[in-house]
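A.B. asks: Mind looking over this structure? Questions follow.
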Amino acid sequence: MIRRPPRSPLSSSSAASDVYKRQQLMRMKAGGLDMIAVYVFWLHHEESRGKFNFTGRRNVREFVQLAAEVGLKVLMRIGPWDHGEARNGGHPDWVLTDCGSLRTVDPTYLKCVNEWYSVLAGQLEGLYHKDGGPVVMVQVDNETSDWKYLLALREIAIG
């Protein structure tokens, strides 16, 4: 038995591109979880610059809505760097050559990130906690201690 103080979220992690079926999310909920952490890999949604794909297994909005239907809150992990085990950390291949110095405050890189965050924000419109939705937290980047870079990403994300 897990003993925890009231209102202490328990979460599991998932890649948004691998959309779980309702039954699997219900098992998570039945197992005592009340939140799911979702990695959104940029490279799965914009393989070619400017061509976004949020259909089928890549439908982030549908997944977040499904999590809400079964009573799970959502922590969105939006990158741009998501995971060391993913190719390019989750960056699309074109970002490596077209967007300056990755994971820095390089204005060229931050412009590319801003475009990604803007499109993703459109997919999540109305699903944030402030709107009554299940997205209660958003994590920018992953596996870095560069606070100037993290603050720059934060400004883009909340802008």
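Letters A, B, ... go to the chains of the structure tokens in the order shown; residues in each chain start at 1; ligands are counted from 1 in the same order.
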List every residue of region 1-138 of chain A that DSSP, applied to the backbone, labels as strand (DSSP E or B), and write the result as a list in words.

C.D. replies: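 Taking region 1-138 of chain A and keeping strand (DSSP E or B) only, one gets Ser11, Ser12, Ser13, Ser14, Ala15, Met35, Ile36, Ala37, Val38, Tyr39, Ser48, Lys51, Lys73, Val74, Leu75, Met76, Arg77, Ile78, Gly79, Tyr128, Val135, Val136, Met137 and Val138 of chain A.
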
A.B. asks: As a ChimeraX atom specification, please: the residues near region 66-70 of chain A (cut-off 8 Å, only C-alpha atoms, same-chain neighbours under 3 positions excluded).

C.D. replies: /A:22,25-26,29,36,62-63,73-74,133-134

A.B. asks: How would the residues just chosen look if you wrote them out with N, CA and C atoms as a PDB file, in the first residue's frame?

C.D. replies:
```pdb
ATOM      1  N   ARG A  22      -7.960   3.605 -23.994  1.00  0.00           N
ATOM      2  CA  ARG A  22      -8.733   3.942 -22.801  1.00  0.00           C
ATOM      3  C   ARG A  22      -8.529   2.905 -21.690  1.00  0.00           C
ATOM      4  N   LEU A  25      -5.255   3.463 -19.786  1.00  0.00           N
ATOM      5  CA  LEU A  25      -5.329   4.622 -18.901  1.00  0.00           C
ATOM      6  C   LEU A  25      -6.199   4.318 -17.685  1.00  0.00           C
ATOM      7  N   MET A  26      -7.269   3.571 -17.895  1.00  0.00           N
ATOM      8  CA  MET A  26      -8.145   3.203 -16.777  1.00  0.00           C
ATOM      9  C   MET A  26      -7.408   2.291 -15.796  1.00  0.00           C
ATOM     10  N   LYS A  29      -5.314   4.527 -13.645  1.00  0.00           N
ATOM     11  CA  LYS A  29      -6.182   5.194 -12.660  1.00  0.00           C
ATOM     12  C   LYS A  29      -6.581   4.212 -11.562  1.00  0.00           C
ATOM     13  N   ILE A  36      -0.545  11.598 -15.374  1.00  0.00           N
ATOM     14  CA  ILE A  36       0.348  10.950 -16.330  1.00  0.00           C
ATOM     15  C   ILE A  36       1.272  12.016 -16.916  1.00  0.00           C
ATOM     16  N   GLU A  62      -6.140  14.506 -28.633  1.00  0.00           N
ATOM     17  CA  GLU A  62      -7.030  13.376 -28.364  1.00  0.00           C
ATOM     18  C   GLU A  62      -6.554  12.584 -27.144  1.00  0.00           C
ATOM     19  N   PHE A  63      -5.242  12.389 -27.027  1.00  0.00           N
ATOM     20  CA  PHE A  63      -4.696  11.660 -25.893  1.00  0.00           C
ATOM     21  C   PHE A  63      -4.959  12.394 -24.578  1.00  0.00           C
ATOM     22  N   LYS A  73      -4.929  13.718 -14.448  1.00  0.00           N
ATOM     23  CA  LYS A  73      -4.318  15.010 -14.749  1.00  0.00           C
ATOM     24  C   LYS A  73      -3.114  14.727 -15.643  1.00  0.00           C
ATOM     25  N   VAL A  74      -2.591  15.778 -16.269  1.00  0.00           N
ATOM     26  CA  VAL A  74      -1.510  15.590 -17.230  1.00  0.00           C
ATOM     27  C   VAL A  74      -0.373  16.577 -16.977  1.00  0.00           C
ATOM     28  N   GLY A 133      -9.172  22.259 -17.866  1.00  0.00           N
ATOM     29  CA  GLY A 133      -8.626  21.066 -18.506  1.00  0.00           C
ATOM     30  C   GLY A 133      -7.691  20.269 -17.612  1.00  0.00           C
ATOM     31  N   PRO A 134      -7.195  19.153 -18.113  1.00  0.00           N
ATOM     32  CA  PRO A 134      -6.373  18.247 -17.320  1.00  0.00           C
ATOM     33  C   PRO A 134      -4.882  18.612 -17.255  1.00  0.00           C
TER      34      PRO A 134
END
```

A.B. asks: List every residue of region 3-112 of chain A that DSSP, applied to the backbone of this structure, places in helix (DSSP H, G or I), and write the result as an MDAnalysis selection string.

C.D. replies: chainID A and resid 22:30 42:45 56:58 60:69 87:90 93:98 107:112

A.B. asks: Excluding Arg49 (chain A) and any residue of its chain fewer than 5 positions from it, enumerate the residues within 12 Å of it, using only C-alpha atoms, and give them as a PyMOL selection string.

C.D. replies: chain A and resi 42-44+91-99+112-113+115-116

A.B. asks: With N, CA and C atoms retained, export the selected residues as a PDB file, in the first residue's frame.

C.D. replies:
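Listing of selection.pdb after writing:
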```pdb
ATOM      1  N   TRP A  42       9.231  16.434 -30.414  1.00  0.00           N
ATOM      2  CA  TRP A  42       9.147  17.349 -31.548  1.00  0.00           C
ATOM      3  C   TRP A  42       9.392  16.607 -32.854  1.00  0.00           C
ATOM      4  N   LEU A  43      10.361  15.704 -32.867  1.00  0.00           N
ATOM      5  CA  LEU A  43      10.707  15.000 -34.111  1.00  0.00           C
ATOM      6  C   LEU A  43       9.571  14.135 -34.631  1.00  0.00           C
ATOM      7  N   HIS A  44       8.626  13.765 -33.798  1.00  0.00           N
ATOM      8  CA  HIS A  44       7.479  12.976 -34.262  1.00  0.00           C
ATOM      9  C   HIS A  44       6.396  13.841 -34.902  1.00  0.00           C
ATOM     10  N   HIS A  91      14.711  16.288 -30.979  1.00  0.00           N
ATOM     11  CA  HIS A  91      14.743  17.333 -32.015  1.00  0.00           C
ATOM     12  C   HIS A  91      14.592  16.695 -33.399  1.00  0.00           C
ATOM     13  N   PRO A  92      13.829  17.330 -34.280  1.00  0.00           N
ATOM     14  CA  PRO A  92      13.812  16.857 -35.669  1.00  0.00           C
ATOM     15  C   PRO A  92      15.211  16.982 -36.282  1.00  0.00           C
ATOM     16  N   ASP A  93      15.513  16.161 -37.244  1.00  0.00           N
ATOM     17  CA  ASP A  93      16.833  16.183 -37.877  1.00  0.00           C
ATOM     18  C   ASP A  93      17.173  17.559 -38.446  1.00  0.00           C
ATOM     19  N   TRP A  94      16.202  18.220 -39.061  1.00  0.00           N
ATOM     20  CA  TRP A  94      16.460  19.512 -39.702  1.00  0.00           C
ATOM     21  C   TRP A  94      16.889  20.579 -38.703  1.00  0.00           C
ATOM     22  N   VAL A  95      16.486  20.453 -37.443  1.00  0.00           N
ATOM     23  CA  VAL A  95      16.856  21.443 -36.424  1.00  0.00           C
ATOM     24  C   VAL A  95      18.380  21.467 -36.228  1.00  0.00           C
ATOM     25  N   LEU A  96      19.010  20.322 -36.358  1.00  0.00           N
ATOM     26  CA  LEU A  96      20.456  20.230 -36.159  1.00  0.00           C
ATOM     27  C   LEU A  96      21.246  21.109 -37.126  1.00  0.00           C
ATOM     28  N   THR A  97      20.716  21.315 -38.319  1.00  0.00           N
ATOM     29  CA  THR A  97      21.434  22.115 -39.319  1.00  0.00           C
ATOM     30  C   THR A  97      20.853  23.511 -39.521  1.00  0.00           C
ATOM     31  N   ASP A  98      19.569  23.703 -39.180  1.00  0.00           N
ATOM     32  CA  ASP A  98      18.894  24.963 -39.504  1.00  0.00           C
ATOM     33  C   ASP A  98      18.688  25.915 -38.329  1.00  0.00           C
ATOM     34  N   CYS A  99      18.977  25.484 -37.106  1.00  0.00           N
ATOM     35  CA  CYS A  99      18.536  26.275 -35.955  1.00  0.00           C
ATOM     36  C   CYS A  99      19.647  26.707 -34.996  1.00  0.00           C
ATOM     37  N   CYS A 112      13.276  28.831 -33.514  1.00  0.00           N
ATOM     38  CA  CYS A 112      12.747  27.520 -33.932  1.00  0.00           C
ATOM     39  C   CYS A 112      11.883  26.919 -32.825  1.00  0.00           C
ATOM     40  N   VAL A 113      12.360  27.006 -31.585  1.00  0.00           N
ATOM     41  CA  VAL A 113      11.598  26.487 -30.443  1.00  0.00           C
ATOM     42  C   VAL A 113      10.271  27.235 -30.305  1.00  0.00           C
ATOM     43  N   GLU A 115       8.473  28.564 -32.604  1.00  0.00           N
ATOM     44  CA  GLU A 115       7.543  28.070 -33.624  1.00  0.00           C
ATOM     45  C   GLU A 115       6.935  26.731 -33.182  1.00  0.00           C
ATOM     46  N   TRP A 116       7.754  25.834 -32.645  1.00  0.00           N
ATOM     47  CA  TRP A 116       7.282  24.532 -32.161  1.00  0.00           C
ATOM     48  C   TRP A 116       6.290  24.715 -31.015  1.00  0.00           C
TER      49      TRP A 116
END
```

A.B. asks: Within 9 Å of region 147-151 of chain A, counting only C-alpha atoms, which residues qualify if same-chain residues fewer than 6 places away don't, as a PyMOL selection string?

C.D. replies: chain A and resi 103-105+140-141

A.B. asks: Using only C-alpha atoms, which residues sit within 12 Å of Glu125 (chain A) once same-chain residues fewer than 2 positions away are excluded, as an NGL selection string?

C.D. replies: :A and (60-62 or 64-65 or 117-123 or 127-135)

A.B. asks: Just to be explicit: take each residue in the selection above, keep all heavy atoms, and write the result as a compact mmCIF listing (two decimals), in the first residue's frame.

C.D. replies:
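File selection-v6.txt, as written:
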```txt
# COMPACT_ATOMS: atom_id res chain seq x y z
N VAL A 60 -1.93 14.45 -30.05
CA VAL A 60 -1.71 14.82 -28.66
C VAL A 60 -3.01 15.28 -28.00
O VAL A 60 -3.32 14.90 -26.87
CB VAL A 60 -0.64 15.93 -28.56
CG1 VAL A 60 -0.47 16.42 -27.14
CG2 VAL A 60 0.68 15.44 -29.12
N ARG A 61 -3.78 16.08 -28.69
CA ARG A 61 -5.03 16.59 -28.14
C ARG A 61 -5.98 15.46 -27.74
O ARG A 61 -6.53 15.45 -26.65
CB ARG A 61 -5.70 17.53 -29.13
CG ARG A 61 -6.97 18.16 -28.59
CD ARG A 61 -7.55 19.20 -29.54
NE ARG A 61 -8.62 19.90 -28.86
CZ ARG A 61 -8.47 20.90 -28.01
NH1 ARG A 61 -7.26 21.35 -27.74
NH2 ARG A 61 -9.49 21.46 -27.41
N GLU A 62 -6.14 14.51 -28.63
CA GLU A 62 -7.03 13.38 -28.36
C GLU A 62 -6.55 12.58 -27.14
O GLU A 62 -7.35 12.17 -26.31
CB GLU A 62 -7.08 12.47 -29.59
CG GLU A 62 -8.02 11.30 -29.46
CD GLU A 62 -8.03 10.49 -30.74
OE1 GLU A 62 -8.78 10.86 -31.66
OE2 GLU A 62 -7.27 9.49 -30.81
N VAL A 64 -4.73 13.70 -24.57
CA VAL A 64 -4.95 14.49 -23.35
C VAL A 64 -6.43 14.48 -22.98
O VAL A 64 -6.79 14.36 -21.80
CB VAL A 64 -4.40 15.92 -23.52
CG1 VAL A 64 -4.81 16.82 -22.36
CG2 VAL A 64 -2.88 15.90 -23.67
N GLN A 65 -7.31 14.58 -23.96
CA GLN A 65 -8.75 14.51 -23.69
C GLN A 65 -9.14 13.15 -23.13
O GLN A 65 -9.96 13.06 -22.22
CB GLN A 65 -9.54 14.81 -24.96
CG GLN A 65 -9.46 16.26 -25.37
CD GLN A 65 -10.07 16.53 -26.75
OE1 GLN A 65 -9.96 15.72 -27.67
NE2 GLN A 65 -10.70 17.69 -26.88
N TYR A 117 6.68 25.50 -30.02
CA TYR A 117 5.81 25.72 -28.86
C TYR A 117 4.47 26.34 -29.28
O TYR A 117 3.42 25.99 -28.73
CB TYR A 117 6.48 26.62 -27.84
CG TYR A 117 7.50 25.96 -26.92
CD1 TYR A 117 7.90 24.64 -27.07
CD2 TYR A 117 8.06 26.70 -25.89
CE1 TYR A 117 8.83 24.07 -26.22
CE2 TYR A 117 8.99 26.13 -25.03
CZ TYR A 117 9.37 24.82 -25.20
OH TYR A 117 10.29 24.27 -24.34
N SER A 118 4.49 27.26 -30.24
CA SER A 118 3.25 27.91 -30.69
C SER A 118 2.29 26.91 -31.32
O SER A 118 1.09 26.92 -31.03
CB SER A 118 3.57 29.02 -31.69
OG SER A 118 4.29 30.05 -31.07
N VAL A 119 2.81 26.04 -32.16
CA VAL A 119 1.96 25.03 -32.80
C VAL A 119 1.43 24.05 -31.76
O VAL A 119 0.25 23.71 -31.75
CB VAL A 119 2.73 24.30 -33.93
CG1 VAL A 119 1.94 23.12 -34.45
CG2 VAL A 119 3.04 25.28 -35.06
N LEU A 120 2.29 23.61 -30.87
CA LEU A 120 1.86 22.67 -29.83
C LEU A 120 0.82 23.32 -28.91
O LEU A 120 -0.17 22.68 -28.54
CB LEU A 120 3.06 22.18 -29.02
CG LEU A 120 2.76 21.16 -27.93
CD1 LEU A 120 2.07 19.91 -28.50
CD2 LEU A 120 4.05 20.78 -27.19
N ALA A 121 1.01 24.57 -28.56
CA ALA A 121 0.04 25.28 -27.72
C ALA A 121 -1.33 25.31 -28.38
O ALA A 121 -2.36 25.17 -27.71
CB ALA A 121 0.52 26.70 -27.42
N GLY A 122 -1.37 25.46 -29.69
CA GLY A 122 -2.63 25.43 -30.42
C GLY A 122 -3.32 24.08 -30.29
O GLY A 122 -4.55 24.01 -30.20
N GLN A 123 -2.54 23.02 -30.25
CA GLN A 123 -3.11 21.68 -30.08
C GLN A 123 -3.72 21.50 -28.68
O GLN A 123 -4.64 20.71 -28.50
CB GLN A 123 -2.04 20.61 -30.30
CG GLN A 123 -1.51 20.53 -31.71
CD GLN A 123 -2.59 20.08 -32.68
OE1 GLN A 123 -3.29 19.10 -32.44
NE2 GLN A 123 -2.72 20.80 -33.78
N LEU A 127 -7.25 23.02 -22.94
CA LEU A 127 -7.00 21.83 -22.13
C LEU A 127 -6.13 22.12 -20.90
O LEU A 127 -5.80 21.21 -20.16
CB LEU A 127 -6.34 20.74 -22.99
CG LEU A 127 -7.18 20.22 -24.16
CD1 LEU A 127 -6.39 19.22 -24.99
CD2 LEU A 127 -8.48 19.60 -23.65
N TYR A 128 -5.76 23.38 -20.71
CA TYR A 128 -4.96 23.75 -19.55
C TYR A 128 -5.84 23.86 -18.31
O TYR A 128 -7.05 24.13 -18.40
CB TYR A 128 -4.23 25.07 -19.79
CG TYR A 128 -3.25 25.01 -20.94
CD1 TYR A 128 -3.56 25.57 -22.18
CD2 TYR A 128 -2.02 24.38 -20.80
CE1 TYR A 128 -2.66 25.52 -23.24
CE2 TYR A 128 -1.12 24.31 -21.84
CZ TYR A 128 -1.44 24.88 -23.05
OH TYR A 128 -0.56 24.81 -24.10
N HIS A 129 -5.23 23.67 -17.16
CA HIS A 129 -5.95 23.73 -15.88
C HIS A 129 -6.75 25.02 -15.73
O HIS A 129 -7.89 24.99 -15.27
CB HIS A 129 -4.95 23.56 -14.73
CG HIS A 129 -5.56 23.60 -13.38
ND1 HIS A 129 -6.35 22.58 -12.90
CD2 HIS A 129 -5.52 24.54 -12.41
CE1 HIS A 129 -6.77 22.89 -11.69
NE2 HIS A 129 -6.28 24.06 -11.37
N LYS A 130 -6.16 26.13 -16.15
CA LYS A 130 -6.85 27.43 -16.03
C LYS A 130 -8.16 27.46 -16.80
O LYS A 130 -9.04 28.26 -16.52
CB LYS A 130 -5.94 28.57 -16.48
CG LYS A 130 -5.65 28.59 -17.96
CD LYS A 130 -4.80 29.78 -18.37
CE LYS A 130 -4.59 29.85 -19.85
NZ LYS A 130 -5.78 30.09 -20.65
N ASP A 131 -8.29 26.58 -17.80
CA ASP A 131 -9.51 26.49 -18.62
C ASP A 131 -10.40 25.32 -18.19
O ASP A 131 -11.34 24.97 -18.90
CB ASP A 131 -9.13 26.30 -20.09
CG ASP A 131 -8.24 27.43 -20.61
OD1 ASP A 131 -8.55 28.60 -20.33
OD2 ASP A 131 -7.24 27.13 -21.29
N GLY A 132 -10.04 24.69 -17.06
CA GLY A 132 -10.80 23.53 -16.60
C GLY A 132 -10.30 22.22 -17.19
O GLY A 132 -10.94 21.18 -17.03
N GLY A 133 -9.17 22.26 -17.87
CA GLY A 133 -8.63 21.07 -18.51
C GLY A 133 -7.69 20.27 -17.61
O GLY A 133 -7.38 20.68 -16.49
N PRO A 134 -7.20 19.15 -18.11
CA PRO A 134 -6.37 18.25 -17.32
C PRO A 134 -4.88 18.61 -17.25
O PRO A 134 -4.16 18.07 -16.43
CB PRO A 134 -6.55 16.91 -18.03
CG PRO A 134 -6.72 17.30 -19.47
CD PRO A 134 -7.54 18.58 -19.42
N VAL A 135 -4.41 19.52 -18.12
CA VAL A 135 -2.98 19.85 -18.14
C VAL A 135 -2.68 20.78 -16.96
O VAL A 135 -3.01 21.96 -16.98
CB VAL A 135 -2.54 20.49 -19.47
CG1 VAL A 135 -1.06 20.88 -19.43
CG2 VAL A 135 -2.82 19.55 -20.64
```

A.B. asks: Distance CA of Arg77 (chain A)-CA of Asn114 (chain A), one decimal place?

C.D. replies: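 Here the two named atoms are 15.2 Å from each other.
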
A.B. asks: Give me the residues within 7 Å of Phe41 (chain A) as an MDAnalysis selection string, counting only C-alpha atoms and dropping any in the same chain fewer than 4 places off.

C.D. replies: chainID A and resid 79 82 90

A.B. asks: Go through A:Tyr109, A:Ile158, A:Ala37, A:Gly89 and flag the residue nearest Thr144 (chain A), using only C-alpha atoms for the distances.

C.D. replies: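 Checking each candidate against Thr144 (chain A), we get A:Gly89 as the closest.
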
A.B. asks: So, with only C-alpha atoms as the atoms that count, which of A:Arg87, A:Leu124, A:Gln24, A:Ile78 lies closest to Asn59 (chain A)?

C.D. replies: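 Ranking A:Arg87, A:Leu124, A:Gln24, A:Ile78 by distance to Asn59 (chain A), first place goes to A:Leu124.
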